[in-house]
$ cat final_7.cif   # mmCIF, C-alpha atoms and all ligand atoms
data_my_file
#
loop_
_atom_site.label_atom_id
_atom_site.label_comp_id
_atom_site.auth_asym_id
_atom_site.auth_seq_id
_atom_site.Cartn_x
_atom_site.Cartn_y
_atom_site.Cartn_z
CA MET A 159 1.40 -5.23 25.41
CA LEU A 160 2.44 -7.35 22.47
CA ALA A 161 1.86 -6.50 18.82
CA VAL A 162 2.49 -9.10 16.10
CA HIS A 163 3.40 -7.43 12.82
CA PHE A 164 3.74 -9.38 9.55
CA GLY A 165 6.31 -7.80 7.18
CA ALA A 166 9.45 -6.18 8.59
CA GLY A 167 10.08 -4.22 5.38
CA ASN A 168 10.00 -0.50 4.63
CA ILE A 169 6.59 0.40 6.00
CA GLY A 170 6.66 -2.32 8.67
CA ARG A 171 9.81 -1.00 10.35
CA GLY A 172 9.62 2.61 9.17
CA PHE A 173 6.00 3.33 10.06
CA ILE A 174 3.95 0.69 11.87
CA GLY A 175 6.81 -0.57 14.08
CA SER A 176 7.70 2.99 14.97
CA LEU A 177 4.14 3.94 16.06
CA LEU A 178 3.75 0.67 17.99
CA TYR A 179 6.94 1.41 19.94
CA GLN A 180 5.87 5.00 20.66
CA SER A 181 2.57 3.60 21.96
CA GLY A 182 4.29 1.28 24.43
CA PHE A 183 3.99 -2.03 22.56
CA GLU A 184 6.55 -4.77 22.29
CA THR A 185 6.56 -5.68 18.59
CA CYS A 186 7.17 -9.18 17.29
CA PHE A 187 7.97 -8.87 13.57
CA VAL A 188 7.13 -11.89 11.43
CA ASP A 189 8.90 -12.16 8.09
CA VAL A 190 10.35 -14.70 5.64
CA ASN A 191 13.57 -12.74 5.03
CA SER A 192 16.08 -14.58 7.25
CA GLU A 193 18.68 -11.82 7.13
CA LEU A 194 16.19 -9.24 8.37
CA VAL A 195 14.72 -11.54 11.03
CA ASP A 196 18.15 -12.55 12.34
CA LEU A 197 19.33 -8.95 12.52
CA ILE A 198 16.25 -7.76 14.44
CA ALA A 199 16.52 -10.78 16.76
CA GLU A 200 20.20 -9.98 17.39
CA LYS A 201 20.09 -6.17 17.73
CA LYS A 202 16.64 -5.89 19.38
CA GLU A 203 16.43 -2.31 18.12
CA TYR A 204 16.73 -0.28 14.92
CA ARG A 205 16.91 3.33 13.78
CA VAL A 206 14.29 5.37 11.94
CA VAL A 207 15.60 8.58 10.36
CA LEU A 208 13.39 11.37 9.04
CA ALA A 209 14.11 12.50 5.46
CA GLU A 210 14.42 16.24 6.21
CA ASP A 211 17.20 18.78 6.82
CA ALA A 212 17.55 17.92 10.53
CA LYS A 213 17.56 14.13 9.85
CA GLN A 214 15.89 13.51 13.22
CA GLU A 215 16.61 9.99 14.40
CA SER A 216 14.59 7.67 16.70
CA ILE A 217 15.65 4.35 18.12
CA ILE A 218 12.89 1.76 18.03
CA ARG A 219 13.35 -0.67 20.89
CA ASN A 220 11.34 -3.50 22.39
CA VAL A 221 11.35 -5.48 19.14
CA ARG A 222 11.90 -9.12 18.33
CA ALA A 223 11.44 -11.14 15.15
CA LEU A 224 10.36 -14.57 13.96
CA ASN A 225 10.80 -16.34 10.65
CA SER A 226 7.36 -17.73 9.83
CA GLN A 227 8.82 -20.48 7.63
CA GLN A 228 11.28 -21.67 10.26
CA ASN A 229 9.26 -21.04 13.42
CA PRO A 230 5.53 -21.21 12.68
CA GLU A 231 4.76 -22.56 16.17
CA LYS A 232 6.34 -19.51 17.80
CA VAL A 233 4.31 -17.22 15.55
CA ILE A 234 1.15 -19.03 16.67
CA GLU A 235 2.17 -18.54 20.32
CA ALA A 236 2.78 -14.83 19.71
CA ILE A 237 -0.71 -14.47 18.15
CA VAL A 238 -2.19 -16.15 21.24
CA GLU A 239 -0.56 -13.47 23.43
CA ALA A 240 -1.02 -10.43 21.16
CA GLU A 241 -3.07 -7.28 21.83
CA VAL A 242 -3.11 -6.44 18.12
CA VAL A 243 -1.95 -7.96 14.81
CA THR A 244 -0.91 -5.77 11.88
CA THR A 245 0.46 -6.50 8.40
CA ALA A 246 2.46 -4.66 5.73
CA VAL A 247 3.48 -7.41 3.33
CA GLY A 248 1.89 -6.36 0.03
CA PRO A 249 -1.67 -7.12 -1.16
CA HIS A 250 -0.71 -10.30 -3.05
CA ILE A 251 1.05 -11.76 0.04
CA LEU A 252 -2.04 -11.64 2.28
CA GLN A 253 -3.18 -15.02 0.92
CA PHE A 254 0.15 -16.56 1.96
CA ILE A 255 0.08 -15.36 5.57
CA ALA A 256 -3.60 -16.39 5.96
CA PRO A 257 -3.06 -20.11 6.80
CA LEU A 258 -0.66 -19.37 9.67
CA LEU A 259 -2.83 -16.52 10.91
CA ALA A 260 -5.84 -18.87 10.87
CA GLU A 261 -3.87 -21.39 12.94
CA GLY A 262 -2.85 -18.69 15.39
CA LEU A 263 -6.41 -17.42 15.77
CA ARG A 264 -7.71 -20.99 16.25
CA LYS A 265 -5.26 -21.62 19.07
CA ARG A 266 -5.98 -18.24 20.59
CA TYR A 267 -9.73 -18.87 20.47
CA SER A 268 -9.27 -21.98 22.59
CA LYS A 269 -7.03 -20.25 25.15
CA VAL A 270 -7.89 -16.54 25.44
CA GLU A 271 -11.31 -14.90 25.61
CA LYS A 272 -10.09 -11.37 24.92
CA PRO A 273 -10.96 -10.21 21.39
CA LEU A 274 -8.21 -9.38 18.90
CA ASN A 275 -8.10 -7.00 15.95
CA ILE A 276 -6.09 -7.66 12.80
CA ILE A 277 -5.29 -4.58 10.72
CA ALA A 278 -3.84 -4.94 7.21
CA CYS A 279 -1.82 -1.85 6.27
CA GLU A 280 -1.64 -2.36 2.52
CA ASN A 281 -2.25 0.02 -0.36
CA MET A 282 -5.62 -1.24 -1.41
CA ILE A 283 -9.30 -0.80 -0.73
CA GLY A 284 -10.48 -3.41 1.78
CA GLY A 285 -7.09 -4.93 2.73
CA SER A 286 -8.20 -6.31 6.12
CA SER A 287 -11.46 -7.54 4.58
CA LEU A 288 -9.45 -9.44 1.97
CA LEU A 289 -7.22 -10.88 4.69
CA LYS A 290 -10.33 -11.98 6.60
CA GLU A 291 -11.68 -13.67 3.47
CA LYS A 292 -8.38 -15.52 3.01
CA VAL A 293 -8.20 -16.53 6.70
CA TYR A 294 -11.82 -17.76 6.62
CA GLU A 295 -10.95 -20.10 3.71
CA HIS A 296 -9.04 -22.09 6.34
CA LEU A 297 -11.88 -22.25 8.90
CA THR A 298 -14.74 -24.70 9.32
CA GLU A 299 -18.35 -23.52 8.92
CA GLU A 300 -18.76 -23.86 12.71
CA GLU A 301 -15.73 -21.70 13.43
CA LYS A 302 -16.72 -18.76 11.21
CA PRO A 303 -19.52 -17.24 13.37
CA LEU A 304 -17.47 -17.81 16.54
CA PHE A 305 -14.47 -16.02 15.03
CA ASP A 306 -16.76 -13.17 13.88
CA GLU A 307 -17.53 -12.43 17.54
CA ARG A 308 -13.96 -12.71 18.75
CA PHE A 309 -11.82 -11.24 15.95
CA GLY A 310 -12.09 -7.91 14.09
CA PHE A 311 -10.57 -7.13 10.70
CA PRO A 312 -10.94 -3.32 10.43
CA ASP A 313 -9.82 -1.90 7.08
CA SER A 314 -7.27 0.88 7.07
CA ALA A 315 -5.49 3.48 4.95
CA VAL A 316 -1.78 4.10 5.52
CA ASP A 317 0.27 6.92 4.09
CA ARG A 318 4.01 7.46 4.49
CA ILE A 319 6.58 7.35 1.68
CA VAL A 320 9.33 4.88 2.55
CA PRO A 321 11.65 4.22 -0.41
CA ASN A 322 13.68 1.08 -1.03
CA GLN A 323 17.11 1.72 0.43
CA THR A 324 20.45 0.13 1.10
CA ASN A 325 22.09 1.52 4.22
CA GLU A 326 25.29 0.37 5.90
CA ASP A 327 23.16 -0.29 8.97
CA LYS A 328 20.79 -2.76 7.32
CA LEU A 329 17.96 -2.24 9.81
CA MET A 330 17.99 1.53 9.62
CA VAL A 331 15.14 3.00 7.61
CA ILE A 332 14.79 6.51 6.20
CA VAL A 333 11.18 7.72 6.07
CA GLU A 334 9.45 10.94 5.09
CA PRO A 335 8.27 13.02 8.08
CA PHE A 336 4.59 12.93 7.02
CA TYR A 337 2.33 10.06 8.05
CA GLU A 338 -1.34 9.19 8.24
CA TRP A 339 -3.02 5.97 9.43
CA VAL A 340 -6.81 5.83 9.36
CA VAL A 341 -8.77 2.81 10.62
CA ASP A 342 -12.44 1.83 10.33
CA GLU A 343 -13.65 1.82 13.93
CA THR A 344 -16.97 0.17 13.06
CA LYS A 345 -15.28 -3.18 12.43
CA ILE A 346 -13.30 -3.27 15.67
CA VAL A 347 -14.18 -6.12 18.01
CA GLY A 348 -13.64 -5.46 21.73
CA GLU A 349 -11.35 -2.65 22.86
CA THR A 350 -9.93 -0.16 20.38
CA PRO A 351 -6.19 -0.85 19.95
CA ALA A 352 -4.26 1.80 21.91
CA ILE A 353 -1.97 2.88 19.07
CA GLN A 354 -1.08 6.58 19.08
CA GLY A 355 -1.20 8.12 15.64
CA ILE A 356 -4.20 6.15 14.33
CA THR A 357 -7.27 8.19 13.40
CA PHE A 358 -10.38 6.06 13.91
CA VAL A 359 -13.30 6.87 11.61
CA LYS A 360 -16.82 5.58 11.10
CA ASP A 361 -16.61 5.60 7.29
CA LEU A 362 -13.20 4.72 5.89
CA VAL A 363 -14.17 4.76 2.21
CA PRO A 364 -13.68 8.53 1.61
CA TYR A 365 -10.29 8.39 3.35
CA ILE A 366 -8.95 5.38 1.49
CA GLU A 367 -10.25 6.67 -1.86
CA ARG A 368 -8.78 10.12 -1.20
CA LYS A 369 -5.41 8.57 -0.32
CA LEU A 370 -5.23 5.89 -3.02
CA PHE A 371 -6.61 8.11 -5.80
CA THR A 372 -4.46 11.12 -4.94
CA VAL A 373 -1.16 9.98 -3.39
CA ASN A 374 -0.93 6.67 -5.22
CA THR A 375 -2.51 7.86 -8.48
CA GLY A 376 -0.07 10.78 -8.71
CA HIS A 377 2.83 8.60 -7.63
CA ALA A 378 2.04 5.89 -10.19
CA ILE A 379 1.71 8.42 -13.01
CA ALA A 380 5.03 10.06 -12.07
CA ALA A 381 6.64 6.59 -12.00
CA TYR A 382 5.27 5.22 -15.29
CA LEU A 383 5.82 8.45 -17.21
CA GLY A 384 9.19 8.96 -15.53
CA TYR A 385 10.20 5.48 -16.66
CA HIS A 386 8.91 6.24 -20.17
CA PHE A 387 11.20 9.28 -20.31
CA GLY A 388 14.21 7.33 -18.98
CA ILE A 389 14.16 8.93 -15.50
CA ALA A 390 15.38 6.97 -12.46
CA THR A 391 13.71 8.53 -9.41
CA ILE A 392 10.41 10.16 -8.47
CA ASN A 393 11.88 13.53 -7.52
CA GLU A 394 13.73 13.66 -10.85
CA ALA A 395 10.47 12.77 -12.60
CA MET A 396 8.76 15.65 -10.77
CA ASP A 397 11.51 17.98 -12.05
CA HIS A 398 10.63 17.00 -15.63
CA GLU A 399 8.23 19.68 -16.86
CA MET A 400 6.00 17.37 -18.85
CA VAL A 401 5.75 14.67 -16.17
CA HIS A 402 5.05 17.32 -13.52
CA SER A 403 2.20 18.85 -15.48
CA LEU A 404 0.73 15.44 -16.38
CA VAL A 405 0.75 14.44 -12.70
CA GLU A 406 -0.95 17.72 -11.78
CA GLY A 407 -3.49 17.22 -14.56
CA ALA A 408 -4.30 13.71 -13.34
CA LEU A 409 -4.70 14.94 -9.76
CA LYS A 410 -7.08 17.66 -10.95
CA GLU A 411 -9.18 14.94 -12.58
CA SER A 412 -9.18 12.61 -9.56
CA GLY A 413 -9.80 15.64 -7.32
CA ALA A 414 -12.80 16.64 -9.43
CA PHE A 415 -14.59 13.36 -8.82
CA LEU A 416 -13.45 12.98 -5.19
CA THR A 417 -14.63 16.44 -4.14
CA LYS A 418 -17.95 15.93 -5.92
CA LYS A 419 -18.53 12.36 -4.73
CA TYR A 420 -17.64 13.01 -1.08
CA ASP A 421 -18.48 16.70 -0.85
CA PHE A 422 -14.88 17.51 0.17
CA ASP A 423 -14.01 21.18 0.52
CA VAL A 424 -12.42 22.11 -2.83
CA GLU A 425 -9.83 24.46 -1.34
CA ALA A 426 -8.82 21.94 1.36
CA HIS A 427 -8.44 19.27 -1.34
CA SER A 428 -6.20 21.58 -3.43
CA GLN A 429 -4.00 22.08 -0.37
CA TYR A 430 -3.90 18.27 0.13
CA VAL A 431 -2.78 17.85 -3.49
CA LEU A 432 -0.14 20.60 -3.21
CA LYS A 433 1.33 18.92 -0.15
CA ILE A 434 1.48 15.58 -1.94
CA VAL A 435 3.23 17.02 -4.98
CA LYS A 436 5.76 18.57 -2.57
CA ARG A 437 6.23 15.19 -0.84
CA PHE A 438 7.02 13.56 -4.21
CA SER A 439 9.75 16.19 -4.72
CA ASN A 440 11.36 15.73 -1.28
CA PRO A 441 15.10 16.23 -2.05
CA HIS A 442 16.05 14.02 0.93
CA ILE A 443 14.38 10.98 -0.60
CA SER A 444 15.64 8.98 -3.53
CA ASP A 445 12.69 6.79 -4.49
CA GLU A 446 13.23 4.69 -7.61
CA VAL A 447 10.48 4.88 -10.23
CA THR A 448 10.66 1.07 -10.43
CA ARG A 449 9.55 0.75 -6.77
CA VAL A 450 6.61 3.07 -7.24
CA ALA A 451 5.71 1.43 -10.58
CA ARG A 452 6.04 -2.11 -9.15
CA SER A 453 3.35 -4.69 -9.89
CA PRO A 454 1.62 -3.05 -12.88
CA ILE A 455 -0.95 -5.88 -13.11
CA ARG A 456 -2.19 -4.92 -9.63
CA LYS A 457 -2.02 -1.20 -10.45
CA LEU A 458 -3.96 -1.62 -13.72
CA GLY A 459 -6.75 -3.50 -11.91
CA PRO A 460 -10.31 -2.09 -12.04
CA LYS A 461 -10.36 -1.01 -8.37
CA ASP A 462 -6.84 0.38 -8.21
CA ARG A 463 -5.26 3.83 -8.58
CA LEU A 464 -5.45 4.31 -12.36
CA VAL A 465 -8.56 2.72 -13.82
CA SER A 466 -10.90 3.39 -10.89
CA PRO A 467 -10.35 7.17 -10.81
CA ALA A 468 -10.57 7.34 -14.61
CA GLN A 469 -13.87 5.45 -14.57
CA GLN A 470 -15.20 7.46 -11.63
CA TYR A 471 -14.22 10.72 -13.34
CA MET A 472 -16.38 9.69 -16.30
CA ASP A 473 -19.26 8.54 -14.08
CA VAL A 474 -19.23 11.33 -11.47
CA VAL A 475 -17.97 14.34 -13.46
CA GLY A 476 -19.46 13.20 -16.75
CA ASP A 477 -16.43 14.04 -18.86
CA GLU A 478 -13.61 12.14 -20.55
CA PRO A 479 -10.35 12.03 -18.58
CA THR A 480 -7.28 13.26 -20.47
CA TYR A 481 -4.46 12.81 -17.97
CA LEU A 482 -5.49 9.68 -16.06
CA VAL A 483 -5.71 7.89 -19.39
CA LYS A 484 -2.15 8.88 -20.25
CA GLY A 485 -1.10 7.30 -16.95
CA ILE A 486 -2.89 4.07 -17.84
CA ALA A 487 -1.19 4.09 -21.26
CA ALA A 488 2.22 4.61 -19.62
CA ALA A 489 1.54 1.70 -17.25
CA LEU A 490 0.71 -0.52 -20.24
CA LEU A 491 4.04 0.49 -21.82
CA TYR A 492 6.02 -0.23 -18.63
CA ASP A 493 8.50 -2.90 -19.70
CA PHE A 494 11.02 -3.04 -16.83
CA ALA A 495 12.66 -6.49 -17.07
CA GLY A 496 13.21 -6.63 -13.31
CA ASP A 497 9.46 -6.62 -12.59
CA GLU A 498 7.72 -9.96 -13.20
CA GLU A 499 4.32 -8.32 -13.64
CA ALA A 500 5.72 -5.82 -16.18
CA VAL A 501 7.20 -8.72 -18.14
CA GLN A 502 3.83 -10.50 -17.99
CA VAL A 503 1.95 -7.41 -19.21
CA GLN A 504 4.29 -7.04 -22.20
CA LYS A 505 3.97 -10.76 -22.99
CA THR A 506 0.16 -10.54 -22.91
CA ILE A 507 0.19 -7.48 -25.20
CA GLN A 508 2.51 -9.25 -27.64
CA GLU A 509 0.71 -12.58 -27.62
CA ALA A 510 -2.94 -11.61 -27.22
CA GLY A 511 -2.86 -8.08 -28.67
CA LEU A 512 -3.31 -4.70 -26.99
CA GLU A 513 -7.11 -4.77 -26.78
CA ALA A 514 -7.29 -8.26 -25.27
CA ALA A 515 -4.60 -7.27 -22.76
CA ILE A 516 -6.47 -4.10 -21.73
CA GLN A 517 -9.65 -6.11 -21.29
CA GLU A 518 -7.92 -8.76 -19.21
CA LEU A 519 -6.10 -6.28 -16.98
CA THR A 520 -8.65 -3.51 -16.50
CA LYS A 521 -11.86 -5.58 -16.90
CA LEU A 522 -13.25 -2.63 -18.89
CA ASP A 523 -15.91 -3.17 -21.50
CA GLY A 524 -14.21 -3.20 -24.91
CA SER A 525 -16.92 -0.95 -26.37
CA SER A 526 -16.67 1.72 -23.65
CA ASN A 527 -15.34 5.24 -24.22
CA LEU A 528 -12.69 4.76 -21.56
CA PHE A 529 -11.39 1.67 -23.33
CA ARG A 530 -11.20 3.57 -26.64
CA LEU A 531 -9.32 6.46 -24.98
CA ILE A 532 -6.77 4.09 -23.44
CA VAL A 533 -6.06 2.47 -26.83
CA GLU A 534 -5.63 5.92 -28.44
CA GLN A 535 -3.30 7.18 -25.71
CA TYR A 536 -1.25 3.97 -25.76
CA HIS A 537 -0.47 4.42 -29.46
CA ALA A 538 0.18 8.16 -29.03
CA LEU A 539 2.60 7.61 -26.16
CA LYS A 540 4.34 4.69 -27.85
CA GLU A 541 5.04 6.78 -30.93
CA SER A 542 6.27 9.76 -28.92
CA LYS A 543 9.00 7.83 -27.08
CA VAL A 544 11.67 10.37 -26.20
CA THR A 545 14.42 10.49 -23.61
CA ALA A 546 14.66 13.16 -20.95
N1 LIG B 601 6.79 1.86 1.20
C1 LIG B 601 5.80 2.74 1.19
O1 LIG B 601 5.99 3.92 0.88
C2 LIG B 601 4.40 2.29 1.56
C3 LIG B 601 3.52 3.26 2.08
C4 LIG B 601 2.22 2.90 2.42
C5 LIG B 601 1.82 1.58 2.25
N2 LIG B 601 2.69 0.66 1.77
C6 LIG B 601 2.20 -0.70 1.63
O2 LIG B 601 2.82 -1.51 2.62
C7 LIG B 601 2.98 -2.83 2.11
C8 LIG B 601 4.45 -3.22 2.23
O3 LIG B 601 5.22 -2.33 1.43
P1 LIG B 601 6.76 -2.08 1.71
O4 LIG B 601 7.12 -0.91 0.88
O5 LIG B 601 7.02 -2.06 3.15
O6 LIG B 601 7.38 -3.40 1.05
P2 LIG B 601 8.67 -4.20 1.50
O7 LIG B 601 8.97 -5.11 0.38
O8 LIG B 601 9.72 -3.26 1.97
O9 LIG B 601 8.18 -5.05 2.76
C9 LIG B 601 7.40 -6.20 2.66
C10 LIG B 601 7.95 -7.21 3.66
O10 LIG B 601 7.07 -8.34 3.67
C11 LIG B 601 7.88 -9.49 3.80
N3 LIG B 601 7.14 -10.67 3.38
C12 LIG B 601 6.98 -11.19 2.14
N4 LIG B 601 6.30 -12.34 2.19
C13 LIG B 601 6.01 -12.56 3.50
C14 LIG B 601 5.33 -13.59 4.20
N5 LIG B 601 4.79 -14.62 3.56
N6 LIG B 601 5.24 -13.50 5.54
C15 LIG B 601 5.79 -12.45 6.21
N7 LIG B 601 6.45 -11.44 5.60
C16 LIG B 601 6.55 -11.50 4.26
C17 LIG B 601 9.09 -9.19 2.92
O11 LIG B 601 10.17 -10.06 3.20
C18 LIG B 601 9.35 -7.74 3.29
O12 LIG B 601 10.23 -7.62 4.38
C19 LIG B 601 2.45 -2.80 0.69
O13 LIG B 601 1.11 -3.19 0.68
C20 LIG B 601 2.56 -1.34 0.31
O14 LIG B 601 1.65 -0.97 -0.69
C21 LIG B 601 3.97 0.99 1.42
O1 LIG B 602 3.18 0.26 -2.43
P1 LIG B 602 2.54 0.26 -3.79
O2 LIG B 602 3.23 -0.63 -4.76
O3 LIG B 602 1.06 0.03 -3.74
O4 LIG B 602 2.67 1.74 -4.36
C1 LIG B 602 3.93 2.34 -4.48
C2 LIG B 602 3.94 3.71 -3.81
O5 LIG B 602 3.05 4.56 -4.48
C3 LIG B 602 3.53 3.61 -2.34
O6 LIG B 602 4.28 2.65 -1.66
C4 LIG B 602 3.65 4.98 -1.65
O7 LIG B 602 4.98 5.27 -1.39
C5 LIG B 602 2.83 5.00 -0.39
O8 LIG B 602 1.54 4.53 -0.60
C6 LIG B 602 2.80 6.36 0.27
O9 LIG B 602 1.92 6.32 1.33
#

$ encode --input "final_7.cif" --output "structure tokens" --more "lines below"
Ligand SMILES: NC(=O)c1ccc[n+]([C@@H]2O[C@H](COP(=O)([O-])OP(=O)(O)OC[C@H]3O[C@@H](n4cnc5c(N)ncnc54)[C@H](O)[C@@H]3O)[C@@H](O)[C@H]2O)c1
Ligand SMILES: O=P(O)(O)OC[C@@H](O)[C@@H](O)[C@H](O)[C@H](O)CO
Amino acid sequence: MLAVHFGAGNIGRGFIGSLLYQSGFETCFVDVNSELVDLIAEKKEYRVVLAEDAKQESIIRNVRALNSQQNPEKVIEAIVEAEVVTTAVGPHILQFIAPLLAEGLRKRYSKVEKPLNIIACENMIGGSSLLKEKVYEHLTEEEKPLFDERFGFPDSAVDRIVPNQTNEDKLMVIVEPFYEWVVDETKIVGETPAIQGITFVKDLVPYIERKLFTVNTGHAIAAYLGYHFGIATINEAMDHEMVHSLVEGALKESGAFLTKKYDFDVEAHSQYVLKIVKRFSNPHISDEVTRVARSPIRKLGPKDRLVSPAQQYMDVVGDEPTYLVKGIAAALLYDFAGDEEAVQVQKTIQEAGLEAAIQELTKLDGSSNLFRLIVEQYHALKESKVTA
């Protein structure tokens, strides 16, 4: 059984690759990082170590790797043979892998009748659907209905914290023990991929919203406020009394709309939040705030982890959010020079003004209450700049 996985990075090796191996797949990683591809091709195995006292280690075997820029034909051949295709490249990269994936699916269509499912494992709502949209931009009108019958793009939610890391063994990856991978079974075409560890559900939306607007909302707020207070890592940010209580406040707000909207059990949701806050404080993980804060343009988008829960809190709970808005303000103040999107946000604020920048990034109506609150909190936070 062959799996083709795009993106041999943190989550690709540390999570998806690991579950594929445990489920009996051979995994062909596809990446553009030559060093990584060459190392996987040479070693044919790598280590995954759990970030816990016992540091339990697994060896992931049965892996190979291809550089999609150097060997596109081989990637196409692998897609022809695959039982499943997965991705973990980042939401903005899906458009770049789409042309090659379209070529692979075209060739496969002409050679193999067996259906194939393509699962994007990215932190966003509708990742596989977006990938499908991008792939379909490369198809003819005649091909589209034929591909609909043969290829599935089920959306998914993935949860496992895998920090950026530099280890002596460059393929080794340290991951937190916890993981969750939920896939929309209604969009599967043909057989359900036999991957142990996936939970298949009929309605993914509550799962992806619960994950993105709890884990990623809390994480982003810890990162942006941590950065604001001059803190380097997420667990240090969680040790900072003010950041800790602002994260908890934001998760109370997102929890209030999630439990109401989806009729989640309130006590079970509190336990879910407690566990997440504990995961952020894992002493065995050193996760830089700049990784978690990365790509603020994406994170300030209307459907992402900051603005969407703030808007939904207003709509569903009927109140003004206090903490989520502070997180949005901190994201707008994020000026890390090593992050192109952060540089772009600061440039837009300087050149177009704060209000035009907020409108452009969040797509919020300039006359809305949420917009007004964000402007207020931005100025309040900017004036209160202190170091930890
Ligand atoms: N790290 C985590 O904790 C975590 C957890 C859950 C979900 N995710 C999601 O997984 C995705 C990947 O995150 P990550 O942390 O593993 O990032 P990463 O940067 O470690 O890995 C991304 C990989 O994609 C590769 N890549 C870039 N362009 C490519 C292309 N055109 N073709 C093939 N490969 C390409 C990169 O070289 C890199 O190896 C993101 O959407 C992220 O939100 C991450
Ligand atoms: O990957 P991003 O940039 O969407 O978000 C950064 C982190 O919040 C994220 O990678 C988490 O570690 C992960 O989503 C945990 O499951």

$ residues_around --input "final_7.cif" --residues "range 487-503 of chain A" --least-positions-apart "2" --cutoff "8 Å" --atoms "all atoms listed in the file" --output "VMD selection string"
chain A and resid 379 382 to 383 385 to 386 448 451 to 455 458 483 to 485 505 to 507 515 532 to 533 535 to 536 539 to 540

$ write_last_selection --input "final_7.cif" --atoms "C-alpha atoms" --output "compact mmCIF listing (two decimals), in the frame of the given file"
# COMPACT_ATOMS: atom_id res chain seq x y z
CA ILE A 379 1.71 8.42 -13.01
CA TYR A 382 5.27 5.22 -15.29
CA LEU A 383 5.82 8.45 -17.21
CA TYR A 385 10.20 5.48 -16.66
CA HIS A 386 8.91 6.24 -20.17
CA THR A 448 10.66 1.07 -10.43
CA ALA A 451 5.71 1.43 -10.58
CA ARG A 452 6.04 -2.11 -9.15
CA SER A 453 3.35 -4.69 -9.89
CA PRO A 454 1.62 -3.05 -12.88
CA ILE A 455 -0.95 -5.88 -13.11
CA LEU A 458 -3.96 -1.62 -13.72
CA VAL A 483 -5.71 7.89 -19.39
CA LYS A 484 -2.15 8.88 -20.25
CA GLY A 485 -1.10 7.30 -16.95
CA LYS A 505 3.97 -10.76 -22.99
CA THR A 506 0.16 -10.54 -22.91
CA ILE A 507 0.19 -7.48 -25.20
CA ALA A 515 -4.60 -7.27 -22.76
CA ILE A 532 -6.77 4.09 -23.44
CA VAL A 533 -6.06 2.47 -26.83
CA GLN A 535 -3.30 7.18 -25.71
CA TYR A 536 -1.25 3.97 -25.76
CA LEU A 539 2.60 7.61 -26.16
CA LYS A 540 4.34 4.69 -27.85

$ residues_around --input "final_7.cif" --residues "Glu241 in chain A" --least-positions-apart "5" --cutoff "12 Å" --atoms "all atoms listed in the file" --output "PyMOL selection string"
chain A and resi 159-163+178+182-186+236+266+270-277+309-310+347-353

$ atom_distance --input "final_7.cif" --atom1 "CA of Leu370 in chain A" --atom2 "atom N3 of ligand LIG 601 (chain B)"
21.6 Å

$ axis_aligned_box --input "final_7.cif" --around "range 467-476 of chain A" --padding-each-side "4 Å" --output "lines of an AutoDock Vina configuration file"
center_x = -14.9
center_y = 9.9
center_z = -13.8
size_x = 17.1
size_y = 16.9
size_z = 13.9

$ closest_residue --input "final_7.cif" --among "A:Pro321, A:Gly384, A:Pro364, A:Gly284" --to "ligand LIG 601 (chain B)" --atoms "all atoms listed in the file"
A:Pro321

$ residues_near_ligand --input "final_7.cif" --ligand "ligand LIG 602 (chain B)" --cutoff "7 Å" --atoms "only C-alpha atoms and all ligand atoms" --output "number ranges by chain"
A: 281, 316-321, 373-374, 377-378, 449-453

$ residues_near_ligand --input "final_7.cif" --ligand "ligand LIG 601 (chain B)" --cutoff "9 Å" --atoms "all atoms listed in the file" --output "ChimeraX atom specification"
/A:163-173,187-192,194-195,225-227,245-256,278-282,285,315-322,333-334,449-450

$ atom_distance --input "final_7.cif" --atom1 "CA of Tyr365 in chain A" --atom2 "CA of Val465 in chain A"
18.2 Å

$ atom_distance --input "final_7.cif" --atom1 "CA of Gly175 in chain A" --atom2 "CA of Ser314 in chain A"
15.8 Å

$ decode --input "final_7.cif" --residues "range 171-176 of chain A" --atoms "N, CA, C and O atoms" --output "PDB file, in the first residue's frame"
ATOM      1  N   ARG A 171       6.308  14.474   8.759  1.00  0.00           N
ATOM      2  CA  ARG A 171       7.090  13.348   9.320  1.00  0.00           C
ATOM      3  C   ARG A 171       6.578  12.966  10.709  1.00  0.00           C
ATOM      4  O   ARG A 171       6.426  11.790  11.034  1.00  0.00           O
ATOM      5  N   GLY A 172       6.314  14.002  11.536  1.00  0.00           N
ATOM      6  CA  GLY A 172       6.025  13.741  12.950  1.00  0.00           C
ATOM      7  C   GLY A 172       4.642  13.183  13.229  1.00  0.00           C
ATOM      8  O   GLY A 172       4.421  12.594  14.287  1.00  0.00           O
ATOM      9  N   PHE A 173       3.713  13.352  12.297  1.00  0.00           N
ATOM     10  CA  PHE A 173       2.342  12.904  12.577  1.00  0.00           C
ATOM     11  C   PHE A 173       1.814  12.000  11.460  1.00  0.00           C
ATOM     12  O   PHE A 173       1.622  10.793  11.657  1.00  0.00           O
ATOM     13  N   ILE A 174       1.644  12.572  10.269  1.00  0.00           N
ATOM     14  CA  ILE A 174       0.998  11.807   9.193  1.00  0.00           C
ATOM     15  C   ILE A 174       1.869  10.610   8.788  1.00  0.00           C
ATOM     16  O   ILE A 174       1.383   9.469   8.708  1.00  0.00           O
ATOM     17  N   GLY A 175       3.166  10.856   8.591  1.00  0.00           N
ATOM     18  CA  GLY A 175       4.083   9.777   8.197  1.00  0.00           C
ATOM     19  C   GLY A 175       4.105   8.662   9.232  1.00  0.00           C
ATOM     20  O   GLY A 175       4.152   7.473   8.902  1.00  0.00           O
ATOM     21  N   SER A 176       4.039   9.055  10.483  1.00  0.00           N
ATOM     22  CA  SER A 176       4.083   8.095  11.577  1.00  0.00           C
ATOM     23  C   SER A 176       2.818   7.213  11.577  1.00  0.00           C
ATOM     24  O   SER A 176       2.905   5.976  11.671  1.00  0.00           O
TER      25      SER A 176
END
